[in-house]
>>> print(open('final17.txt').read())   # compact mmCIF, C-alpha atoms
# COMPACT_ATOMS: atom_id res chain seq x y z
CA CYS A 1 263.09 -19.29 65.16
CA MET A 2 259.41 -18.39 65.72
CA PHE A 3 258.50 -17.33 69.24
CA THR A 4 255.21 -18.15 70.88
CA VAL A 5 252.82 -15.23 71.09
CA LEU A 6 252.35 -14.14 74.70
CA ARG A 7 249.45 -11.80 75.35
CA THR A 8 247.90 -10.30 78.44
CA VAL A 9 244.16 -10.24 77.88
CA ASN A 10 241.15 -8.90 79.72
CA MET A 11 238.78 -11.74 80.46
CA GLN A 12 235.26 -10.50 80.02
CA ARG A 13 233.32 -13.58 81.02
CA ILE A 14 233.81 -17.16 82.16
CA SER A 15 230.90 -19.29 81.01
CA PRO A 16 230.07 -22.98 80.59
CA LEU A 17 231.31 -22.57 76.98
CA GLY A 18 234.72 -21.11 77.76
CA VAL A 19 236.55 -17.89 78.61
CA ASP A 20 235.58 -14.82 76.58
CA PHE A 21 238.06 -11.99 76.12
CA ILE A 22 238.95 -9.05 73.90
CA MET A 23 242.18 -7.99 72.23
CA LYS A 24 243.25 -5.13 70.04
CA HIS A 25 242.61 -6.17 66.46
CA GLY A 26 245.90 -6.66 64.65
CA LYS A 27 248.57 -9.02 63.37
CA ARG A 28 248.95 -10.89 66.64
CA SER A 29 245.23 -11.30 67.27
CA SER A 30 244.92 -13.12 63.95
CA GLN A 31 247.25 -15.84 65.28
CA ILE A 32 245.04 -16.49 68.31
CA ALA A 33 242.42 -18.41 66.31
CA ILE A 34 245.04 -20.45 64.43
CA ASN A 35 247.48 -21.73 67.05
CA PRO A 36 246.90 -23.79 70.21
CA ILE A 37 246.73 -21.53 73.27
CA ALA A 38 247.74 -21.91 76.91
CA MET A 39 246.57 -19.65 79.70
CA CYS A 40 247.55 -19.24 83.33
CA ILE A 41 245.75 -17.39 86.11
CA THR A 42 247.39 -17.07 89.52
CA SER A 43 245.91 -15.51 92.64
CA GLY A 44 246.78 -15.39 96.30
CA SER A 45 250.07 -15.11 98.11
CA TYR A 46 252.76 -17.69 98.76
CA THR A 47 253.51 -16.40 102.25
CA PRO A 48 253.11 -18.03 105.68
CA GLY A 49 249.43 -18.22 106.59
CA ASP A 50 248.27 -17.73 102.98
CA THR A 51 247.76 -19.91 99.93
CA VAL A 52 248.16 -19.41 96.23
CA GLU A 53 245.88 -20.81 93.50
CA GLN A 54 246.86 -21.41 89.93
CA TRP A 55 244.60 -22.35 87.03
CA ARG A 56 246.28 -23.55 83.85
CA ALA A 57 244.48 -24.37 80.66
CA GLU A 58 245.33 -25.53 77.17
CA GLY A 59 242.97 -25.27 74.23
CA ARG A 60 241.94 -23.23 71.23
CA CYS A 61 240.26 -19.90 70.59
CA VAL A 62 237.39 -19.14 68.28
CA PRO A 63 236.42 -15.64 67.16
CA LEU A 64 233.25 -14.23 68.73
CA PRO A 65 231.01 -11.44 67.50
CA LEU A 66 232.17 -8.35 69.39
CA SER A 67 228.55 -7.61 70.29
CA GLU A 68 228.54 -10.67 72.61
CA VAL A 69 231.08 -9.18 75.03
CA ILE A 70 231.42 -5.45 74.32
CA ASP A 71 229.00 -4.53 77.13
CA THR A 72 231.20 -6.33 79.68
CA ALA A 73 234.47 -4.79 78.44
CA PRO A 74 235.89 -1.85 80.40
CA SER A 75 235.31 1.29 78.34
CA SER A 76 238.81 2.53 79.22
CA THR A 77 240.33 -0.57 77.62
CA VAL A 78 238.17 -0.29 74.51
CA ALA A 79 238.99 3.44 74.21
CA GLN A 80 242.72 2.70 74.39
CA MET A 81 242.39 0.02 71.68
CA ILE A 82 240.52 2.48 69.45
CA ALA A 83 243.15 5.16 70.11
CA CYS A 84 245.97 2.71 69.30
CA THR A 85 244.33 1.85 65.98
CA ARG A 86 243.91 5.55 65.21
CA ALA A 87 247.53 6.22 66.18
CA ALA A 88 248.73 3.47 63.84
CA SER A 89 246.73 5.00 60.98
CA GLU A 90 248.03 8.45 61.85
CA SER A 91 251.63 7.21 61.94
CA SER A 92 251.31 5.69 58.49
CA ALA A 93 250.05 9.01 57.11
CA THR A 94 252.21 11.54 58.91
CA GLU A 95 255.00 9.80 60.82
CA ALA A 96 257.33 12.81 60.83
CA ASP A 97 254.68 15.34 61.90
CA VAL A 98 253.21 13.31 64.74
CA GLY A 99 256.36 11.78 66.14
CA TRP A 100 255.42 8.10 66.06
CA ARG A 101 257.89 5.54 64.84
CA LYS A 102 257.67 1.80 64.32
CA ILE A 103 259.88 -0.53 66.32
CA CYS A 104 260.89 -4.12 65.66
CA SER A 105 258.04 -5.84 67.51
CA HIS A 106 255.79 -6.11 64.44
CA ASP A 107 252.71 -4.08 65.32
CA ARG A 108 253.75 -1.85 68.22
CA LEU A 109 254.48 1.86 68.04
CA VAL A 110 256.66 3.95 70.29
CA ILE A 111 255.01 6.97 71.87
CA SER A 112 257.28 9.96 71.53
CA ARG A 113 254.59 12.45 72.65
CA LYS A 114 252.55 10.90 75.42
CA SER A 115 250.31 13.95 75.80
CA HIS A 116 249.12 13.57 72.19
CA PHE A 117 248.23 9.92 72.74
CA VAL A 118 246.43 10.72 76.02
CA GLU A 119 244.33 13.24 74.09
CA MET A 120 243.50 10.54 71.52
CA VAL A 121 242.38 8.16 74.29
CA GLN A 122 240.24 10.82 75.96
CA GLU A 123 238.62 11.65 72.62
CA ALA A 124 237.92 7.95 71.93
CA ARG A 125 236.47 7.51 75.44
CA LEU A 126 234.05 10.42 74.97
CA GLU A 127 233.01 9.19 71.52
CA LEU A 128 232.48 5.69 72.94
CA GLN A 129 230.35 7.01 75.83
CA ASN A 130 228.25 9.06 73.41
CA GLY A 131 227.80 6.19 70.94
CA GLU A 132 229.74 8.08 68.26
CA VAL A 133 232.32 5.40 67.37
CA PRO A 134 231.27 3.84 64.06
CA GLU A 135 230.70 0.06 64.24
CA GLU A 136 233.30 -0.46 61.49
CA GLU A 137 235.96 1.37 63.51
CA LEU A 138 235.08 -0.56 66.65
CA GLU A 139 235.36 -3.88 64.76
CA ALA A 140 238.69 -2.76 63.22
CA SER A 141 240.07 -1.90 66.68
CA VAL A 142 238.76 -4.62 68.99
CA GLN A 143 238.38 -8.35 68.46
CA ALA A 144 236.57 -10.83 70.71
CA PHE A 145 237.47 -14.50 71.24
CA ARG A 146 236.28 -17.47 73.23
CA PHE A 147 238.99 -19.70 74.69
CA GLN A 148 237.73 -23.29 74.75
CA PRO A 149 239.99 -25.34 76.99
CA GLU A 150 240.75 -28.98 76.23
CA ARG A 151 242.62 -29.46 79.49
CA LEU A 152 242.32 -27.63 82.82
CA GLU A 153 244.60 -27.93 85.80
CA PHE A 154 244.08 -26.42 89.25
CA MET A 155 246.82 -26.25 91.85
CA THR A 156 246.69 -24.72 95.30
CA GLY A 157 249.05 -24.63 98.23
CA GLY A 158 251.20 -22.54 100.49
CA PRO A 159 254.31 -22.70 102.64
CA ASP A 160 252.27 -24.00 105.60
CA GLN A 161 250.91 -26.99 103.65
CA VAL A 162 252.74 -30.29 103.31
CA ILE A 163 251.93 -30.74 99.61
CA TRP A 164 250.44 -28.87 96.67
CA ASP A 165 246.91 -30.00 95.88
CA ARG A 166 246.68 -30.54 92.10
CA TRP A 167 243.66 -31.51 89.97
CA GLU A 168 243.19 -32.07 86.23
CA TRP A 169 240.14 -32.06 83.96
CA LEU A 170 240.18 -33.31 80.36
CA ARG A 171 237.61 -32.92 77.61
CA PRO A 172 236.40 -36.24 76.18
CA ALA A 173 237.31 -36.87 72.55
CA SER A 174 233.87 -38.40 71.93
CA LYS A 175 231.67 -35.35 72.66
CA ASP A 176 231.99 -31.59 72.63
CA THR A 177 229.13 -30.50 74.91
CA ASP A 178 226.92 -31.96 77.63
CA GLU A 179 223.13 -32.16 77.45
CA ASP A 180 222.84 -28.69 79.03
CA GLY A 181 225.00 -27.15 76.27
CA SER A 182 228.09 -26.60 78.44
CA LEU A 183 231.51 -27.99 77.54
CA ALA A 184 231.78 -31.70 78.27
CA TRP A 185 234.42 -32.82 80.81
CA GLU A 186 235.68 -36.15 82.10
CA GLU A 187 235.78 -36.72 85.85
CA PRO A 188 238.58 -34.73 87.54
CA ARG A 189 241.80 -36.54 88.48
CA HIS A 190 243.83 -35.83 91.58
CA LEU A 191 247.47 -35.54 90.44
CA LEU A 192 250.80 -35.81 92.20
CA PRO A 193 252.12 -32.33 92.95
CA TYR A 194 255.19 -32.75 90.67
>>> encode(input="final17.txt", output="structure tokens")
Amino acid sequence: CMFTVLRTVNMQRISPLGVDFIMKHGKRSSQIAINPIAMCITSGSYTPGDTVEQWRAEGRCVPLPLSEVIDTAPSSTVAQMIACTRAASESSATEADVGWRKICSHDRLVISRKSHFVEMVQEARLELQNGEVPEEELEASVQAFRFQPERLEFMTGGPDQVIWDRWEWLRPASKDTDEDGSLAWEEPRHLLPY
């Protein structure tokens, strides 16, 4: 049985061409550009007097040059990705000395000495701030993608409303982009709540 890859990602930008985000470069990130992807964003509160919004999308991801989004990425996130890549290299070389060990989730490591990893992150953050991280190391640690939805759904509601308000947008099979270069969409459809 092969499980679907579930990832929490940091969206860097929502544009007329899709949703740009970064991930740590690795085994799982390579699957992102191969398999169909679904995403879900929820905000708000389902409590009396409030509403909740949910955006769902289905589509595909294409790799982006890291240079297109690196300036919008939080430096703390990028530093942690660099430190994780360094820790993986370190664990391969000196697993017994450092105290890392692999676990059964493919490309994750267990931290047995948190203070050592925190030092690695702080070092990566300083190097990043000073422009001292080589481009090759940055590319080996962080990968950028653009999620291009083929279907979008928006739903909003709350306990004080009689029904959920649900809308759907589909991309036309006949054209990829509009005249202005943005993704082409059919007219939205108002859907039944369930």
>>> residues_around(input="final17.txt", residues="stretch 153-161 of chain A", least_positions_apart="6", cutoff="7 Å", atoms="all atoms listed in the file", output="list in words")
Tyr46, Thr47, Pro48, Gly49, Asp50, Thr51, Val52, Glu53, Gln54, Trp55, Arg56, Ala57, Trp167, Glu168 and Trp169 of chain A
>>> atom_distance(input="final17.txt", atom1="atom CA of A:Phe117", atom2="atom CA of A:Ser76")
13.6 Å
>>> atom_distance(input="final17.txt", atom1="atom CA of A:Leu126", atom2="atom CA of A:Val142")
16.9 Å
>>> atom_distance(input="final17.txt", atom1="atom CA of A:Ala38", atom2="atom CA of A:Ala88")
28.6 Å
>>> residues_around(input="final17.txt", residues="A:Gln122", least_positions_apart="4", cutoff="9 Å", atoms="all atoms listed in the file", output="JSON, numbers by chain")
{"A": [79, 80, 83, 117, 118, 126, 127]}
>>> closest_atom_pairs(input="final17.txt", of="stretch 53-154 of chain A", to="stretch 177-190 of chain A", cutoff="10 Å", atoms="only C-alpha atoms", output="tab-separated table")
residue	atom	partner	partner_atom	distance
A:Gln148	CA	A:Leu183	CA	8.3
A:Pro149	CA	A:Leu183	CA	8.9
A:Glu150	CA	A:Trp185	CA	8.7
A:Arg151	CA	A:Trp185	CA	9.0
A:Leu152	CA	A:Pro188	CA	9.3
A:Glu153	CA	A:Pro188	CA	9.2
A:Phe154	CA	A:His190	CA	9.7
>>> axis_aligned_box(input="final17.txt", around="stretch 81-88 of chain A", padding_each_side="4 Å", output="JSON")
{"center_x": 244.6, "center_y": 3.1, "center_z": 67.8, "size_x": 16.2, "size_y": 14.2, "size_z": 15.8}
>>> residues_around(input="final17.txt", residues="A:Ile70", least_positions_apart="5", cutoff="9 Å", atoms="all atoms listed in the file", output="list of chain:residue names")
A:Gln12, A:Ile22, A:Ser75, A:Val78, A:Ala144
>>> closest_residue(input="final17.txt", among="A:Leu128, A:Val19, A:Leu192, A:Val62", to="A:Gln31", atoms="only C-alpha atoms")
A:Val62
>>> closest_residue(input="final17.txt", among="A:Lys114, A:Arg171, A:Arg28, A:Arg13", to="A:Val69", atoms="all atoms listed in the file")
A:Arg13
>>> residues_near_point(input="final17.txt", point="(241.7, -9.7, 70.3)", cutoff="10 Å", atoms="all atoms listed in the file", output="VMD selection string")
chain A and resid 7 9 to 10 21 to 33 63 to 64 66 81 141 to 146
>>> closest_residue(input="final17.txt", among="A:Glu58, A:Thr85, A:Ser115, A:Leu109", to="A:Cys40", atoms="all atoms listed in the file")
A:Glu58
>>> build_atoms(input="final17.txt", residues="stretch 156-173 of chain A", atoms="N, CA, C and O atoms", output="tab-separated table (two decimals), in the frame of the given file")
chain	number	residue	atom	x	y	z
A	156	THR	N	246.74	-25.65	94.18
A	156	THR	CA	246.69	-24.72	95.30
A	156	THR	C	247.62	-25.21	96.40
A	156	THR	O	247.84	-26.41	96.55
A	157	GLY	N	248.16	-24.28	97.14
A	157	GLY	CA	249.05	-24.63	98.23
A	157	GLY	C	249.67	-23.39	98.84
A	157	GLY	O	249.41	-22.27	98.42
A	158	GLY	N	250.51	-23.63	99.82
A	158	GLY	CA	251.20	-22.54	100.49
A	158	GLY	C	252.33	-23.09	101.32
A	158	GLY	O	252.46	-24.31	101.49
A	159	PRO	N	253.16	-22.23	101.88
A	159	PRO	CA	254.31	-22.70	102.64
A	159	PRO	C	253.94	-23.47	103.91
A	159	PRO	O	254.74	-24.24	104.42
A	160	ASP	N	252.71	-23.29	104.40
A	160	ASP	CA	252.27	-24.00	105.60
A	160	ASP	C	251.69	-25.38	105.30
A	160	ASP	O	251.39	-26.14	106.22
A	161	GLN	N	251.49	-25.70	104.02
A	161	GLN	CA	250.91	-26.99	103.65
A	161	GLN	C	252.01	-27.98	103.31
A	161	GLN	O	253.07	-27.61	102.79
A	162	VAL	N	251.75	-29.25	103.56
A	162	VAL	CA	252.74	-30.29	103.31
A	162	VAL	C	252.93	-30.52	101.82
A	162	VAL	O	254.05	-30.69	101.35
A	163	ILE	N	251.83	-30.51	101.06
A	163	ILE	CA	251.93	-30.74	99.61
A	163	ILE	C	251.03	-29.76	98.86
A	163	ILE	O	250.09	-29.19	99.42
A	164	TRP	N	251.34	-29.57	97.57
A	164	TRP	CA	250.44	-28.87	96.67
A	164	TRP	C	249.28	-29.79	96.37
A	164	TRP	O	249.45	-31.00	96.21
A	165	ASP	N	248.09	-29.23	96.28
A	165	ASP	CA	246.91	-30.00	95.88
A	165	ASP	C	246.69	-29.70	94.40
A	165	ASP	O	246.51	-28.54	94.01
A	166	ARG	N	246.73	-30.75	93.55
A	166	ARG	CA	246.68	-30.54	92.10
A	166	ARG	C	245.61	-31.43	91.47
A	166	ARG	O	245.57	-32.62	91.72
A	167	TRP	N	244.76	-30.81	90.63
A	167	TRP	CA	243.66	-31.51	89.97
A	167	TRP	C	243.72	-31.24	88.46
A	167	TRP	O	244.13	-30.17	88.03
A	168	GLU	N	243.22	-32.21	87.68
A	168	GLU	CA	243.19	-32.07	86.23
A	168	GLU	C	241.84	-32.50	85.69
A	168	GLU	O	241.25	-33.47	86.14
A	169	TRP	N	241.35	-31.74	84.69
A	169	TRP	CA	240.14	-32.06	83.96
A	169	TRP	C	240.50	-32.15	82.48
A	169	TRP	O	241.22	-31.30	81.97
A	170	LEU	N	239.97	-33.16	81.79
A	170	LEU	CA	240.18	-33.31	80.36
A	170	LEU	C	238.84	-33.35	79.65
A	170	LEU	O	237.85	-33.87	80.19
A	171	ARG	N	238.81	-32.83	78.43
A	171	ARG	CA	237.61	-32.92	77.61
A	171	ARG	C	237.60	-34.28	76.93
A	171	ARG	O	238.62	-34.73	76.42
A	172	PRO	N	236.46	-34.96	76.88
A	172	PRO	CA	236.40	-36.24	76.18
A	172	PRO	C	236.48	-36.05	74.67
A	172	PRO	O	235.95	-35.08	74.13
A	173	ALA	N	237.18	-36.95	74.02
A	173	ALA	CA	237.31	-36.87	72.55
A	173	ALA	C	235.98	-37.18	71.87
A	173	ALA	O	235.73	-36.75	70.75
